[in-house]
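I have placed the structure first, in the form of structure tokens, so that the comments after it can refer back to it.
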Amino acid sequence: MTFRWLLFASGVVLFGLAFPASRQIQLERSIDAMFPAADPTFLAYRELQEQFGGNAVVMLVYQDSELTEDAGIERNRVLSAQIAAIPGVKGVLSPSVLNDAISKLQPLSILNNEPTLFRPGNRIAEGLDEIFAGYTHSEDHSHAAIVAILEPEHPPQTVENLKRFATQLQNATTTQNPATPTNQLAATKQATLVNVNDSETPPRRALLVGEPVLVHDGFALIEKDGVKLATTTVLLLSVVVLLTLLDLRFVAMSIILILWATVVTQACMVLIGSNLSIVSTILTAIITVIAVTAVLHLGVRFRNAKSRGHDQRTATTDSIALLILPIFWTCMTDAAGFAALSISQILPIREFGIMIAISALAVCAAIILFSPAIMMLPGVRFHHQLDNLQQHFSRILRRQCMRVADLAIRSPRGCMIAAASMIMFAAIGMGRAETETSFLNNFDPNSSVVSDYQEVETELGGAGVWDVIVDAPTELNEPYLKQVRNLESKLRSIKINGEGLTKVLSLADADDVARRSTFSALLSPSSRLSAMSVVMPVFYDALLSQPEKDHRKLRIMLRSREQLDAPTKTAMIKEVQRVVTEHVSSQKWVNVARPSQRDAIQADQVQHQNQHHTPNAHPTGIVTGYYVIMADLINQLVHDQWRCFVISSILILLLLWFATGTLRLAVVALIPNILPVFVVLALVGITGGKINMGAAMIAAVSVGLSIDGSVHFLSGYQRARLRKHTAQTSARHAAGRIGVPLLLATAALIAGFGVMATSEFAPTATFGILVASTLSIGTVVNLTLLPAFIVWTSSSGHRPANPSKC
């Protein structure tokens with residue numbers, strides 16, 4: 001067995017060892033997995049979960065013109081029971097639940113007809129109608145909502161069953177047979193559910209919204225995209241390889257490299273304890289573009305050697321010998337670009353960077369293991385005219401690349417003006433880019449998810465759900481509840497660019513309604529609230545934690561519009577944090593919230609003020625919830641982008657320095673490749689686009705991918721210089737030699753990343769479009785500015801410090 005087949009066999013053995021482990025990798029669907037354990041925003045969110053038994057709330061919203069009548073309430077009661085029967089649902093709050101609570105809060109109502117929630121003249125009913133408008137029903141009573149509070153550790157099937165329930169309810173609606181959706185769901189609890197078929201006016205439309213639904217749909221879409229992108233990218237780039245090289249061996253090589261690198265990478269991730277995340281499902285697509293780029297360089301060099309009369313063995317040996325180091329360094333720079341993401345504070349981005357860095361190294365290892373044997377396989381000859389046409393096309397491209405490089409070298413003023421223009425354009429455009437803080441905008445604007453949320457925004461007054469957590473005494477009293485109402489009044493008065501909170505609700509509001517009853521007014525607040533804990537246990541438990549020694553926590557639920565622009569949303573969150581911090585720091589609040597520890601609290605407040613702590617980290621007032629953490633997630637991504645970009649640039653600079661043996665060439669190669677990143681991000685700002693999760697990753701990643709052409713250029717340049725050519729001649733010949741594979745590789749990369757633009761998940765599509773744009777500009781830079789800069793900074797005395805490296 002020859003050495004090349006020994007390498008091939010070794011690769012097969014490694015694949016066999018890695019395959020079982022790779023099958024164990026899973027997609028991490030939890031929002032919790034996006035944050036480090038010590039992140040302040042995440043800690044605040046965890047406290048909300050721990051104190052109030054989870055924060056997962058799903059709303060089934062439907063239209064019902066009979067909602068204010070007995071038939072509408074009865075229909076809502078049956079639907080509420082069906083939803084409550086779904087495994088993973090802790091409890092529900094709905095108009096029928098409120099309706100039942102009224103009679104329990106008014107014991108004397110037995111002497112009259114039982115009051116309904118929407119009957120005028122009943123002060124309790126009017127109060128509950130007012131405070132729960134926007135939660136359990138719309139203000140105009142045209143829409144009802146069943147609020148399902150999920151168990152903290154609910155299984156993924158809970159959201160899937162709720163979605164199936166909503167779909168079947170919608171289908172039943174269209175066939176005039178409402179509320180018949182869940183026979184199989186009920187069976188999971190051996191519950192017999194009631195069908196409501198006697199209404200002449202059934203619900204007309206059913207929607208299911210809530211952050212758990214949004215996250216579930218997002219991950220489902222990502223998983224679907226991952227399969228589609230992997231399949232499409234592999235097929236498309238295989239066609240590109242076939243059309244450009246007319247050699248099935250290199251198509252086979254591409255597929256083997258992709259498969260081997262994917263399996264080995266997934267096995268490595270399992271071994272280090274990582275899973276696929278919200279951004280890492282594009283793993284196969286990224287591996288494909290890295291592998292195909294290397295294959296195209298090998299293929300072009302192999303064809304050139306064959307066209308010069310070399311036999312297959314010599315062509316294979318020469319191609320691998322000339323390109324193995326440039327390919328190694330391109331894989332290393334790819335790995336460095338992605339590895340820089342590992343310093344991100346966002347766990348999915350960190351794991352994504354590590355995973356793609358491993359995959360880039362795996363591609364390099366796969367080339368070493370498989371390319372010698374595959375390139376020595378018998379070739380399948382295509383029609384002679386096709387072969388001649390392909391060679392003719394390659395010669396034309398090579399001459400044009402040399403002419404373009406020569407023109408750039410001879411036009412220093414034009415190149416300087418072009419570089420300066422790119423810098424000015426980047427400076428102007430990047431200042432206009434805004435951050436996308438809405439997770440909802442990650443979906444296609446025409447999707448059902450977005451349309452459902454838009455309807456909820458319109459009918460129920462805001463789909464953004466967040467919370468304020470404050471200290472409370474073990475027994476709620478009137479002075480404390482008065483302070484809570486004062487805080488709520490301040491929150492309701494907040495206006496940012498004409499936008500404010502659409503709803504503010506706590507037990508203080510519920511108590512205010514309960515004391516409208518003549519009987520309840522005679523009771524203390526704690527007695528009234530104890531009664532409420534019996535008639536509406538789900539609502540009560542969601543807003544007041546269990547006592548801990550001499551205190552407990554009270555939750556104030558906030559609602560606002562989800563689709564606010566980033567400056568308005570950020571400003572509103574900060575203003576809510578300021579108002580809460582200011583209020584709970586007052587002497588009046590301290591006296592009623594935790595009277596037994598008022599001295600210690602005051603000292604702690606002084607310490608926090610002196611240490612300049614952020615408002616949402618304040619020990620007695622926390623602003624949190626999905627709305628807050630998702631906005632913070634994107635802001636953190638944008639902040640991390642530039643840290644990752646700097647680290648990426650430094651790592652790539654060091655690799656180029658080591659590869660070329662000279663710092664001058666490393667710096668000259670890096671600078672032109674940085675410009676395309678800034679230009680593309682500037683385009684996002686100027687065109688009105690927003691920086692989302694996909695755009696926030698491209699700075700570090702694109703430099704690593706764009707520098708690949710520069711590595712091959714520097715390798716050809718240094719070999720020409722060793723043959724005593726001038727800097728200008730060496731640069732021209734290097735541009736001619738790498739021009740064809742560089743253009744073909746760029747076309748393949750654009751095609752590969754362009755496939756991502758078809759994704760229904762906006763960050764994936766944005767990432768693909770921006771990387772493809774960056775690489776397009778980077779190719780032009782590598783054939784123009786790079787040769788020009790190298791010639792301008794060179795002199796006859798310069799030689800590679802260690803030419804064997806590159």
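If you're wondering about the labels, chains in the structure tokens are A, B, ... by order shown, residues count from 1 in each chain, ligands from 1 in order shown.
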Give me, as JSON lines, the closest atom pair and its distance (Å, one decimal) for every residue of region 284-341 of chain A within a cut-off of 12 Å of region 768-785 of chain A, counting only C-alpha atoms, rows sorted by chain and rising number.
```
{"residue": "A:Ala285", "atom": "CA", "partner": "A:Gly768", "partner_atom": "CA", "distance": 10.0}
{"residue": "A:Ile286", "atom": "CA", "partner": "A:Gly768", "partner_atom": "CA", "distance": 9.9}
{"residue": "A:Val289", "atom": "CA", "partner": "A:Ala772", "partner_atom": "CA", "distance": 10.9}
```
Residue selection dump (N, CA, C and O atoms) as a compact mmCIF listing (two decimals), in the first residue's frame:
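Dumped everything to out.txt:
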```txt
# COMPACT_ATOMS: atom_id res chain seq x y z
N ALA A 285 -22.75 24.44 5.78
CA ALA A 285 -22.61 25.43 4.72
C ALA A 285 -21.26 26.14 4.80
O ALA A 285 -20.60 26.37 3.79
N ILE A 286 -20.82 26.48 6.02
CA ILE A 286 -19.52 27.14 6.18
C ILE A 286 -18.38 26.19 5.79
O ILE A 286 -17.44 26.57 5.09
N VAL A 289 -18.01 25.98 1.94
CA VAL A 289 -17.33 27.06 1.22
C VAL A 289 -15.82 27.05 1.50
O VAL A 289 -15.02 27.38 0.62
```
Inset, instruction - Do a neighbour search on Glu74 (chain A) at 8 Å with only C-alpha atoms, toss out local chain neighbours closer than 4 positions, and write the hits as a PyMOL selection string. - result: chain A and resi 70+78+96
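Proximity of A:Leu27, A:Ile374, A:Met572, A:Val646 to Ile255 (chain A), computed with only C-alpha atoms, is greatest for A:Ile374.
The residue set within 9 Å of region 321-326 of chain A, counting only C-alpha atoms and dropping same-chain residues fewer than 6 places from it, reads Ala294, His297, Leu298, Arg301, Cys364, Ile367, Ile368, Ala659, Asp708, Val711, His712, Leu714, Ser715, Ser804, Lys805 and Cys806 of chain A.
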Can you write just those residues out, all heavy atoms, as a tab-separated table (two decimals), in the first residue's frame?
```tsv
chain	number	residue	atom	x	y	z
A	294	ALA	N	-10.49	25.61	-1.24
A	294	ALA	CA	-9.21	24.89	-1.31
A	294	ALA	C	-9.18	23.94	-2.51
A	294	ALA	O	-8.16	23.84	-3.22
A	294	ALA	CB	-8.99	24.11	-0.02
A	297	HIS	N	-8.47	25.81	-5.80
A	297	HIS	CA	-7.05	26.16	-5.96
A	297	HIS	C	-6.25	24.93	-6.39
A	297	HIS	O	-5.39	25.02	-7.29
A	297	HIS	CB	-6.49	26.73	-4.65
A	297	HIS	CG	-6.81	28.18	-4.43
A	297	HIS	ND1	-6.12	29.19	-5.06
A	297	HIS	CD2	-7.75	28.78	-3.67
A	297	HIS	CE1	-6.61	30.36	-4.67
A	297	HIS	NE2	-7.60	30.15	-3.83
A	298	LEU	N	-6.51	23.80	-5.73
A	298	LEU	CA	-5.81	22.57	-6.11
A	298	LEU	C	-6.15	22.16	-7.54
A	298	LEU	O	-5.27	21.78	-8.32
A	298	LEU	CB	-6.19	21.44	-5.15
A	298	LEU	CG	-5.41	21.29	-3.85
A	298	LEU	CD1	-6.03	20.21	-2.98
A	298	LEU	CD2	-3.94	20.97	-4.13
A	301	ARG	N	-4.48	24.44	-10.22
A	301	ARG	CA	-3.04	24.16	-10.30
A	301	ARG	C	-2.80	22.81	-10.97
A	301	ARG	O	-1.88	22.66	-11.79
A	301	ARG	CB	-2.45	24.17	-8.88
A	301	ARG	CG	-0.97	23.84	-8.80
A	301	ARG	CD	-0.12	24.94	-9.38
A	301	ARG	NE	-0.20	26.15	-8.56
A	301	ARG	CZ	0.56	27.22	-8.77
A	301	ARG	NH1	1.42	27.23	-9.78
A	301	ARG	NH2	0.44	28.27	-7.99
A	364	CYS	N	-8.45	21.28	6.58
A	364	CYS	CA	-7.02	21.16	6.25
A	364	CYS	C	-6.53	19.74	6.44
A	364	CYS	O	-5.82	19.19	5.58
A	364	CYS	CB	-6.22	22.13	7.12
A	364	CYS	SG	-4.46	22.18	6.74
A	367	ILE	N	-7.80	17.50	3.64
A	367	ILE	CA	-7.06	17.68	2.38
A	367	ILE	C	-5.77	16.86	2.40
A	367	ILE	O	-5.42	16.19	1.42
A	367	ILE	CB	-6.76	19.17	2.15
A	367	ILE	CG1	-8.06	19.91	1.83
A	367	ILE	CG2	-5.75	19.35	1.02
A	367	ILE	CD1	-7.90	21.41	1.78
A	368	ILE	N	-5.08	16.89	3.53
A	368	ILE	CA	-3.84	16.13	3.65
A	368	ILE	C	-4.11	14.62	3.54
A	368	ILE	O	-3.36	13.88	2.90
A	368	ILE	CB	-3.14	16.46	4.99
A	368	ILE	CG1	-2.69	17.93	5.00
A	368	ILE	CG2	-1.95	15.53	5.23
A	368	ILE	CD1	-2.16	18.40	6.34
A	659	ALA	N	3.80	33.29	8.51
A	659	ALA	CA	3.76	32.62	7.21
A	659	ALA	C	4.73	33.24	6.22
A	659	ALA	O	5.38	32.53	5.44
A	659	ALA	CB	2.35	32.66	6.65
A	708	ASP	N	-7.89	34.86	2.60
A	708	ASP	CA	-7.44	33.65	1.91
A	708	ASP	C	-6.74	33.98	0.59
A	708	ASP	O	-5.67	33.44	0.27
A	708	ASP	CB	-8.63	32.72	1.64
A	708	ASP	CG	-9.14	32.07	2.91
A	708	ASP	OD1	-8.61	32.39	3.99
A	708	ASP	OD2	-10.07	31.25	2.81
A	711	VAL	N	-3.28	35.32	1.11
A	711	VAL	CA	-2.27	34.31	1.46
A	711	VAL	C	-1.71	33.66	0.20
A	711	VAL	O	-0.49	33.50	0.04
A	711	VAL	CB	-2.88	33.25	2.40
A	711	VAL	CG1	-1.90	32.10	2.61
A	711	VAL	CG2	-3.25	33.87	3.74
A	712	HIS	N	-2.59	33.28	-0.73
A	712	HIS	CA	-2.13	32.67	-1.99
A	712	HIS	C	-1.34	33.69	-2.82
A	712	HIS	O	-0.35	33.33	-3.48
A	712	HIS	CB	-3.33	32.15	-2.78
A	712	HIS	CG	-3.93	30.89	-2.21
A	712	HIS	ND1	-3.38	29.65	-2.42
A	712	HIS	CD2	-5.02	30.71	-1.43
A	712	HIS	CE1	-4.11	28.73	-1.81
A	712	HIS	NE2	-5.11	29.35	-1.20
A	714	LEU	N	0.49	36.22	-1.64
A	714	LEU	CA	1.81	36.39	-1.02
A	714	LEU	C	2.71	35.21	-1.31
A	714	LEU	O	3.93	35.37	-1.50
A	714	LEU	CB	1.65	36.58	0.50
A	714	LEU	CG	0.97	37.87	0.95
A	714	LEU	CD1	0.77	37.85	2.46
A	714	LEU	CD2	1.79	39.09	0.53
A	715	SER	N	2.12	34.01	-1.36
A	715	SER	CA	2.92	32.82	-1.66
A	715	SER	C	3.50	32.92	-3.07
A	715	SER	O	4.71	32.69	-3.28
A	715	SER	CB	2.05	31.57	-1.53
A	715	SER	OG	2.76	30.42	-1.89
A	804	SER	N	10.52	29.34	2.89
A	804	SER	CA	9.94	28.00	2.94
A	804	SER	C	8.63	27.96	3.69
A	804	SER	O	7.90	27.00	3.63
A	804	SER	CB	10.93	27.04	3.61
A	804	SER	OG	11.14	27.43	4.95
A	805	LYS	N	8.35	29.02	4.41
A	805	LYS	CA	7.13	29.01	5.24
A	805	LYS	C	5.87	29.19	4.42
A	805	LYS	O	4.82	28.65	4.75
A	805	LYS	CB	7.20	30.11	6.30
A	805	LYS	CG	8.14	29.79	7.44
A	805	LYS	CD	8.03	30.84	8.52
A	805	LYS	CE	8.90	30.47	9.72
A	805	LYS	NZ	8.77	31.46	10.80
A	806	CYS	N	5.88	30.06	3.40
A	806	CYS	CA	4.64	30.42	2.73
A	806	CYS	C	4.55	29.73	1.38
A	806	CYS	O	5.48	29.74	0.62
A	806	CYS	CB	4.56	31.93	2.55
A	806	CYS	SG	2.97	32.50	1.97
```
Legend entry - Selected residue of minimal separation from Ser649 (chain A) among A:Gln24, A:Ser702, A:Asn442, A:Asn76, counting only C-alpha atoms: A:Ser702
Legend entry - Contacts of Leu377 (chain A) within 12 Å, only C-alpha atoms, excl. fewer than 2 positions in-chain, as number ranges by chain: A: 4-5, 247-250, 252-253, 312-313, 316, 370-375, 379-380
Include C-alpha atoms and write out the residues we just selected as a PDB file, in the first residue's frame.
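This is the output file result.pdb:
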```pdb
ATOM      1  CA  ARG A   4      -1.214   8.145  -0.208  1.00  0.00           C
ATOM      2  CA  TRP A   5      -3.546   5.188   0.323  1.00  0.00           C
ATOM      3  CA  ASP A 247     -13.156  16.859 -13.394  1.00  0.00           C
ATOM      4  CA  LEU A 248     -15.341  14.533 -11.319  1.00  0.00           C
ATOM      5  CA  ARG A 249     -12.415  13.685  -9.054  1.00  0.00           C
ATOM      6  CA  PHE A 250     -12.480  17.169  -7.549  1.00  0.00           C
ATOM      7  CA  ALA A 252     -15.791  13.762  -5.209  1.00  0.00           C
ATOM      8  CA  MET A 253     -12.968  15.349  -3.221  1.00  0.00           C
ATOM      9  CA  GLN A 312      -0.673  12.657 -13.434  1.00  0.00           C
ATOM     10  CA  ARG A 313       1.760  11.755 -10.643  1.00  0.00           C
ATOM     11  CA  THR A 316      -0.458  15.777  -8.302  1.00  0.00           C
ATOM     12  CA  PHE A 370      -7.611  12.403   1.051  1.00  0.00           C
ATOM     13  CA  SER A 371      -6.349  14.650  -1.769  1.00  0.00           C
ATOM     14  CA  PRO A 372      -3.222  12.612  -2.775  1.00  0.00           C
ATOM     15  CA  ALA A 373      -5.216   9.418  -3.323  1.00  0.00           C
ATOM     16  CA  ILE A 374      -8.222  11.078  -4.995  1.00  0.00           C
ATOM     17  CA  MET A 375      -6.097  13.122  -7.401  1.00  0.00           C
ATOM     18  CA  GLY A 379     -10.006  10.829 -14.636  1.00  0.00           C
ATOM     19  CA  VAL A 380     -13.209  10.947 -16.663  1.00  0.00           C
TER      20      VAL A 380
END
```
Legend entry - Selected residue of minimal separation from Ala419 (chain A) among A:Asn673, A:Thr231, A:Gln577, A:Thr764, counting only C-alpha atoms: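 Of A:Asn673, A:Thr231, A:Gln577, A:Thr764, the one nearest Ala419 (chain A), counting only C-alpha atoms, is A:Asn673.
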Could you list, with a cut-off of 12 Å and counting only C-alpha atoms, the residues of region 350-449 of chain A near region 617-641 of chain A, each shown with its nearest atom pair and the distance in Å rounded to one decimal, rows sorted by chain and ascending number, as CSV?
```
residue,atom,partner,partner_atom,distance
A:Arg350,CA,A:Asp640,CA,10.3
A:Ala433,CA,A:Val638,CA,10.8
A:Glu434,CA,A:Val638,CA,10.0
A:Thr435,CA,A:Asn635,CA,7.1
A:Glu436,CA,A:Ile634,CA,7.0
A:Thr437,CA,A:Ala631,CA,4.7
A:Ser438,CA,A:Ala631,CA,6.8
A:Phe439,CA,A:Met630,CA,6.8
A:Leu440,CA,A:Met630,CA,10.1
A:Asn441,CA,A:Met630,CA,11.8
A:Asn442,CA,A:Ile634,CA,11.5
```
Legend entry - Top pick for closest residue to Asp217 (chain A), considering A:Ala696, A:Met532, A:Val450, A:Ile282 and counting only C-alpha atoms: A:Val450
Inset, instruction - Give the answer as one residue: which of A:Val456, A:Val470, A:Val740, A:Leu242 has the shortest atom-to-atom distance to Arg594 (chain A), using only C-alpha atoms? - result: A:Val470
Inset, instruction - Please provide as a PyMOL selection string all residues within 9 Å of region 460-467 of chain A, with the sequence filter that same-chain residues fewer than 3 positions apart are discarded (counting only C-alpha atoms). - result: chain A and resi 48+133-139+143+145+209-211+453-457+501-503+555-563+622-628
Selected residues written out with C-alpha atoms, as a tab-separated table (two decimals), in the first residue's frame:
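Below is the file that was written, out_27.tsv:
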```tsv
chain	number	residue	atom	x	y	z
A	48	LEU	CA	-37.71	36.19	38.03
A	133	ALA	CA	-58.02	44.65	29.21
A	134	GLY	CA	-54.98	43.92	27.04
A	135	TYR	CA	-54.27	40.64	28.87
A	136	THR	CA	-57.35	38.45	28.79
A	137	HIS	CA	-59.38	40.47	26.28
A	138	SER	CA	-59.22	43.52	24.07
A	139	GLU	CA	-60.65	46.85	25.20
A	143	HIS	CA	-60.94	39.48	21.09
A	145	ALA	CA	-57.16	35.73	25.19
A	209	VAL	CA	-48.27	34.22	20.57
A	210	GLY	CA	-45.73	34.55	23.34
A	211	GLU	CA	-41.98	34.40	23.71
A	453	TYR	CA	-47.89	39.43	16.55
A	454	GLN	CA	-48.95	42.48	14.58
A	455	GLU	CA	-52.59	41.66	15.20
A	456	VAL	CA	-51.94	41.19	18.92
A	457	GLU	CA	-50.06	44.50	18.95
A	501	LEU	CA	-45.97	51.22	28.38
A	502	THR	CA	-49.31	49.90	27.14
A	503	LYS	CA	-50.05	48.06	30.37
A	555	ARG	CA	-43.93	41.38	40.45
A	556	ILE	CA	-45.25	44.24	38.34
A	557	MET	CA	-46.12	43.05	34.83
A	558	LEU	CA	-45.38	45.44	31.97
A	559	ARG	CA	-46.50	45.42	28.35
A	560	SER	CA	-45.22	47.52	25.47
A	561	ARG	CA	-45.08	47.37	21.71
A	562	GLU	CA	-42.59	44.75	20.51
A	563	GLN	CA	-41.66	46.39	17.24
A	622	ILE	CA	-35.04	44.62	39.05
A	623	VAL	CA	-36.24	45.23	35.50
A	624	THR	CA	-36.16	42.04	33.46
A	625	GLY	CA	-38.10	39.69	31.21
A	626	TYR	CA	-37.82	38.47	27.61
A	627	TYR	CA	-38.23	41.99	26.28
A	628	VAL	CA	-35.22	43.22	28.25
```
Legend entry - A:Leu271, A:Val57, A:Cys331, A:Ala125 ranked by distance to Thr293 (chain A), top pick (using only C-alpha atoms): A:Cys331
Inset, instruction - Identify all residues of region 345-502 of chain A in strand (DSSP E or B) (DSSP on the backbone) and supply them as JSON, numbers by chain. - result: {"A": [434, 435, 443, 464, 465, 466, 467, 468, 469, 470, 471, 472, 473, 496, 499]}
Inset, instruction - Show which residues sit within 10 Å of region 510-527 of chain A, as a ChimeraX atom specification. Count only C-alpha atoms, and ignore same-chain residues fewer than 4 positions away. - result: /A:102,105-108,122-132,474-478,481-482,485,505-506,531-533,539-540
Inset, instruction - Have a look at CA of Ile287 (chain A) and CA of Asp318 (chain A) and let me know their distance in Å, one decimal. - result: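 Those two atoms sit 25.5 Å apart.
The shell of residues at most 9 Å from Val227 (chain A), with only C-alpha atoms counted and near chain neighbours (fewer than 5 positions) removed, consists of Ile222, Thr232, Thr281, Ile282 and Thr284 of chain A.
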